[in-house]
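What follows is a set of notes on a single structure, which appears directly below.
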Amino acid sequence: MKLESMYQEIILDHYRRPHHKGLREPFDAEVHHVNPTCGDEVTLRVRLADGCSENPTVQDVSYDSLGCSISMASVSVMTDLVVGKSLDEATRAYDAFLTLMRTKGDSASVMDEVEDVLEDAVAFEGVSKYPARIKCALLGWMAWKDATARAVTTKEMA
């Protein structure tokens with residue numbers, strides 16, 4: 001099986017059977033993001049582990065989304081990468097995905113750096129060739145970053 005074909009299968013599998021979909025309670029922060037260029041939408045909730053840790057664990061991420069297969073599969077893959085991880089580890093995955101999306105299809109130079117961190121998210125490597133689709137792939141990731149920042153701020157103020 002060709003690598004590109006395998007990547008397409010991963011994306012389609014997450015699109016057809018999304019992980020962590022469905023808004024759940026309790027949560028620490030909720031955001032709603034829209035991609036104005038295509039109309040994709042995601043409402044995303046984040047729950048961080050209780051306690052006063054400087055590096056809390058991402059206890060749960062839940063979401064509801066509407067949009068193309070890329071945006072919906074990307075948020076599903078992202079949840080697998082961040083739930084159960086420390087905030088530092090989850091942020092490394094976010095940074096690696098952002099790096100992958102910035103390669104403009106020339107990902108060979110960064111694959112060694114991001115492959116182990118991204119797991120199934122490397123399937124979105126081909127998306128980086130299409131500027132209009134990059135925003136689709138990043139929608140859920142940006143929502144996670146926003147919701148997590150709000151959750152951290154809320155916990156610090158408590």
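Ordered as shown in the structure tokens, chains take letters A, B, and onward, while each chain numbers its residues from 1 and ligands are numbered from 1 in the order shown.
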
Find the residues near stretch 124-139 of chain A: any atom within 9 Å, counting only C-alpha atoms, skip ones fewer than 4 places away on the same chain, and give them as a PyMOL selection string. chain A and resi 4+7-8+11+33-35+37-38+40-42+67-75+97-98+100-107+120+143-144

For the selection you just gave me, I'd like the residues written to a file as a compact mmCIF listing (two decimals), in the first residue's frame, keeping N, CA and C atoms.
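Final file, result_0.txt:
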```
# COMPACT_ATOMS: atom_id res chain seq x y z
N GLU A 4 0.77 7.48 0.56
CA GLU A 4 -0.31 8.45 0.36
C GLU A 4 -1.68 7.81 0.52
N TYR A 7 -2.31 7.27 4.19
CA TYR A 7 -2.67 8.53 4.82
C TYR A 7 -4.12 8.88 4.54
N GLN A 8 -4.57 8.67 3.32
CA GLN A 8 -5.96 8.95 2.98
C GLN A 8 -6.91 8.09 3.80
N ILE A 11 -7.22 9.48 7.36
CA ILE A 11 -8.10 10.65 7.38
C ILE A 11 -9.56 10.23 7.24
N HIS A 33 -14.95 28.07 17.09
CA HIS A 33 -14.13 28.62 16.01
C HIS A 33 -14.78 28.31 14.66
N VAL A 34 -14.64 29.26 13.75
CA VAL A 34 -15.19 29.12 12.40
C VAL A 34 -14.09 29.45 11.40
N ASN A 35 -14.02 28.68 10.34
CA ASN A 35 -13.12 28.99 9.23
C ASN A 35 -13.96 29.78 8.22
N THR A 37 -13.37 31.03 5.40
CA THR A 37 -13.17 30.78 3.97
C THR A 37 -14.00 29.62 3.45
N CYS A 38 -14.36 28.68 4.33
CA CYS A 38 -15.13 27.53 3.85
C CYS A 38 -16.37 27.22 4.69
N ASP A 40 -16.34 25.79 7.78
CA ASP A 40 -16.15 24.75 8.80
C ASP A 40 -16.28 25.38 10.19
N GLU A 41 -16.85 24.61 11.13
CA GLU A 41 -17.05 25.09 12.50
C GLU A 41 -16.68 24.01 13.50
N VAL A 42 -16.21 24.44 14.65
CA VAL A 42 -15.97 23.51 15.75
C VAL A 42 -16.28 24.23 17.06
N GLY A 67 -18.24 20.35 8.90
CA GLY A 67 -17.28 20.78 7.90
C GLY A 67 -16.79 19.65 7.04
N CYS A 68 -15.69 19.92 6.38
CA CYS A 68 -15.11 18.98 5.43
C CYS A 68 -14.42 17.83 6.17
N SER A 69 -14.09 16.81 5.41
CA SER A 69 -13.44 15.64 6.00
C SER A 69 -12.10 15.99 6.63
N ILE A 70 -11.38 16.93 6.06
CA ILE A 70 -10.07 17.29 6.62
C ILE A 70 -10.22 17.93 7.99
N SER A 71 -11.12 18.90 8.12
CA SER A 71 -11.27 19.58 9.42
C SER A 71 -11.80 18.62 10.48
N MET A 72 -12.74 17.77 10.10
CA MET A 72 -13.34 16.86 11.08
C MET A 72 -12.38 15.74 11.47
N ALA A 73 -11.61 15.23 10.52
CA ALA A 73 -10.63 14.19 10.84
C ALA A 73 -9.48 14.77 11.66
N SER A 74 -9.08 15.98 11.34
CA SER A 74 -7.96 16.60 12.04
C SER A 74 -8.26 16.80 13.52
N VAL A 75 -9.46 17.26 13.84
CA VAL A 75 -9.80 17.47 15.25
C VAL A 75 -9.87 16.12 15.98
N PHE A 97 2.47 19.91 14.69
CA PHE A 97 1.46 19.94 13.63
C PHE A 97 1.54 21.27 12.88
N LEU A 98 1.71 22.35 13.61
CA LEU A 98 1.86 23.67 12.99
C LEU A 98 3.10 23.69 12.08
N LEU A 100 4.42 21.11 10.56
CA LEU A 100 4.09 20.29 9.39
C LEU A 100 3.24 21.07 8.40
N MET A 101 2.27 21.84 8.89
CA MET A 101 1.39 22.59 8.00
C MET A 101 2.12 23.75 7.31
N ARG A 102 3.23 24.19 7.87
CA ARG A 102 3.98 25.31 7.28
C ARG A 102 5.00 24.87 6.24
N THR A 103 5.09 23.57 5.95
CA THR A 103 6.12 23.08 5.02
C THR A 103 5.78 23.30 3.55
N LYS A 104 4.56 23.63 3.24
CA LYS A 104 4.12 23.85 1.86
C LYS A 104 4.42 22.64 0.98
N GLY A 105 4.23 21.45 1.54
CA GLY A 105 4.42 20.23 0.78
C GLY A 105 5.84 19.70 0.77
N ASP A 106 6.77 20.42 1.37
CA ASP A 106 8.16 19.98 1.42
C ASP A 106 8.48 19.56 2.86
N SER A 107 7.83 18.50 3.30
CA SER A 107 7.92 18.10 4.70
C SER A 107 9.13 17.25 5.03
N ASP A 120 -0.59 9.52 14.01
CA ASP A 120 -1.49 9.54 12.86
C ASP A 120 -1.62 10.92 12.21
N ALA A 143 -8.56 25.82 17.98
CA ALA A 143 -9.60 25.85 19.01
C ALA A 143 -9.08 25.23 20.30
N TRP A 144 -8.34 24.11 20.17
CA TRP A 144 -7.77 23.48 21.37
C TRP A 144 -6.81 24.43 22.08
```

Selection near A:Asp64, 6 Å with only C-alpha atoms, sequence-local residues under 4 positions removed, as a list of chain:residue names: A:Lys21, A:Gly22, A:Val42, A:Thr43

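When atom CA of A:Glu54 is paired with atom CA of A:Thr99, their separation reads 25.2 Å.
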
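Nearest residue to A:Val58, choosing from A:Ala149, A:Met157, A:Met78, A:Ala90 and counting only C-alpha atoms: A:Ala90.
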
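As for atom CA of A:Ser76 and atom CA of A:Ala49, they are spaced 20.5 Å apart.
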
Write out as an mmCIF file with C-alpha atoms, in the first residue's frame which residues come within 9 Å of stretch 112-116 of chain A when counting only C-alpha atoms, dropping same-chain ones fewer than 2 positions away.
```cif
data_model
loop_
_atom_site.group_PDB
_atom_site.id
_atom_site.type_symbol
_atom_site.label_atom_id
_atom_site.label_comp_id
_atom_site.auth_asym_id
_atom_site.auth_seq_id
_atom_site.Cartn_x
_atom_site.Cartn_y
_atom_site.Cartn_z
ATOM 1 C CA ALA A 93 2.111 18.001 19.413
ATOM 2 C CA ASP A 95 3.750 22.894 17.651
ATOM 3 C CA ALA A 96 4.763 19.874 15.544
ATOM 4 C CA PHE A 97 1.462 19.945 13.627
ATOM 5 C CA THR A 99 5.400 23.022 11.722
ATOM 6 C CA LEU A 100 4.089 20.292 9.393
ATOM 7 C CA ALA A 108 11.019 15.932 4.283
ATOM 8 C CA SER A 109 13.120 18.456 6.198
ATOM 9 C CA VAL A 110 10.895 18.274 9.288
ATOM 10 C CA LEU A 118 2.410 13.402 15.583
ATOM 11 C CA GLU A 119 1.623 9.693 15.132
ATOM 12 C CA ASP A 120 -1.494 9.538 12.858
ATOM 13 C CA ALA A 121 -1.400 13.314 12.352
ATOM 14 C CA VAL A 122 1.421 12.854 9.814
#
```

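Atom CA of A:Met111 to atom CA of A:Glu9 spans 19.6 Å [interatomic distance, one decimal].
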
Show which residues sit within 8 Å of stretch 60-63 of chain A, as number ranges by chain. Count only C-alpha atoms, and ignore same-chain residues fewer than 3 positions away. A: 20-24, 27, 42-48, 79, 83-84

Could you pull out the residues in stretch 22-121 of chain A that DSSP calls strand (DSSP E) from the backbone, as a PyMOL selection string? chain A and resi 29-34+41-48+58-66

Could you turn the residues from that selection into a file that holds N, CA and C atoms, as a compact mmCIF listing (two decimals), in the first residue's frame?
```txt
# COMPACT_ATOMS: atom_id res chain seq x y z
N ALA A 29 -13.16 25.07 29.91
CA ALA A 29 -13.30 26.15 28.93
C ALA A 29 -13.94 25.60 27.67
N GLU A 30 -14.70 26.46 27.01
CA GLU A 30 -15.34 26.12 25.74
C GLU A 30 -15.12 27.26 24.76
N VAL A 31 -14.81 26.91 23.51
CA VAL A 31 -14.64 27.90 22.46
C VAL A 31 -15.40 27.45 21.22
N HIS A 32 -15.70 28.42 20.38
CA HIS A 32 -16.32 28.13 19.08
C HIS A 32 -15.48 28.83 18.02
N HIS A 33 -14.95 28.07 17.09
CA HIS A 33 -14.13 28.62 16.01
C HIS A 33 -14.78 28.31 14.66
N VAL A 34 -14.64 29.26 13.75
CA VAL A 34 -15.19 29.12 12.40
C VAL A 34 -14.09 29.45 11.40
N GLU A 41 -16.85 24.61 11.13
CA GLU A 41 -17.05 25.09 12.50
C GLU A 41 -16.68 24.01 13.50
N VAL A 42 -16.21 24.44 14.65
CA VAL A 42 -15.97 23.51 15.75
C VAL A 42 -16.28 24.23 17.06
N THR A 43 -17.01 23.55 17.92
CA THR A 43 -17.17 23.95 19.31
C THR A 43 -16.39 22.92 20.10
N LEU A 44 -15.47 23.40 20.92
CA LEU A 44 -14.54 22.49 21.59
C LEU A 44 -14.46 22.83 23.07
N ARG A 45 -14.43 21.78 23.89
CA ARG A 45 -14.31 21.91 25.34
C ARG A 45 -13.05 21.22 25.82
N VAL A 46 -12.40 21.83 26.80
CA VAL A 46 -11.18 21.28 27.40
C VAL A 46 -11.39 21.14 28.90
N ARG A 47 -10.90 20.04 29.43
CA ARG A 47 -10.89 19.80 30.87
C ARG A 47 -9.46 19.44 31.26
N LEU A 48 -8.90 20.23 32.17
CA LEU A 48 -7.56 19.95 32.69
C LEU A 48 -7.70 19.27 34.04
N VAL A 58 -4.03 17.10 30.32
CA VAL A 58 -5.25 17.34 29.55
C VAL A 58 -6.15 16.14 29.81
N GLN A 59 -7.13 16.34 30.67
CA GLN A 59 -7.98 15.24 31.11
C GLN A 59 -9.00 14.86 30.04
N ASP A 60 -9.58 15.85 29.36
CA ASP A 60 -10.58 15.54 28.33
C ASP A 60 -10.63 16.68 27.32
N VAL A 61 -10.92 16.31 26.09
CA VAL A 61 -11.26 17.25 25.03
C VAL A 61 -12.47 16.66 24.35
N SER A 62 -13.52 17.45 24.25
CA SER A 62 -14.72 17.02 23.53
C SER A 62 -15.10 18.12 22.57
N TYR A 63 -15.83 17.75 21.54
CA TYR A 63 -16.13 18.75 20.51
C TYR A 63 -17.37 18.33 19.71
N ASP A 64 -17.89 19.31 19.01
CA ASP A 64 -18.92 19.10 18.01
C ASP A 64 -18.46 19.90 16.80
N SER A 65 -18.57 19.34 15.62
CA SER A 65 -18.04 20.03 14.45
C SER A 65 -18.90 19.80 13.22
N LEU A 66 -18.78 20.75 12.31
CA LEU A 66 -19.40 20.67 10.99
C LEU A 66 -18.35 21.07 9.99
```

Within 7 Å of stretch 85-88 of chain A, which residues of stretch 11-67 of chain A show up? Give each one with its shortest atom-to-atom distance in Å (one decimal) and the two atoms involved, counting only C-alpha atoms, rows by chain then rising residue number, as JSON lines.
```
{"residue": "A:Asn55", "atom": "CA", "partner": "A:Leu87", "partner_atom": "CA", "distance": 5.6}
{"residue": "A:Pro56", "atom": "CA", "partner": "A:Ser86", "partner_atom": "CA", "distance": 5.6}
{"residue": "A:Thr57", "atom": "CA", "partner": "A:Ser86", "partner_atom": "CA", "distance": 4.1}
{"residue": "A:Val58", "atom": "CA", "partner": "A:Lys85", "partner_atom": "CA", "distance": 5.7}
```

May I have the residues from that selection written out with C-alpha atoms, as a PDB file, in the first residue's frame?
```pdb
ATOM      1  CA  ASN A  55       2.045  21.260  33.977  1.00  0.00           C
ATOM      2  CA  PRO A  56      -1.473  19.815  34.290  1.00  0.00           C
ATOM      3  CA  THR A  57      -2.718  16.844  32.329  1.00  0.00           C
ATOM      4  CA  VAL A  58      -5.249  17.342  29.546  1.00  0.00           C
TER       5      VAL A  58
END
```

Extract the full set of helix (DSSP H, G or I) residues from stretch 58-144 of chain A according to DSSP on the backbone, and format it as number ranges by chain. A: 69-82, 87-101, 108-129, 131-144

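Each of A:Ala123, A:Ala147, A:Met142, A:Val152 was compared to A:Ser5 using only C-alpha atoms, and A:Ala123 turns out to be the nearest.
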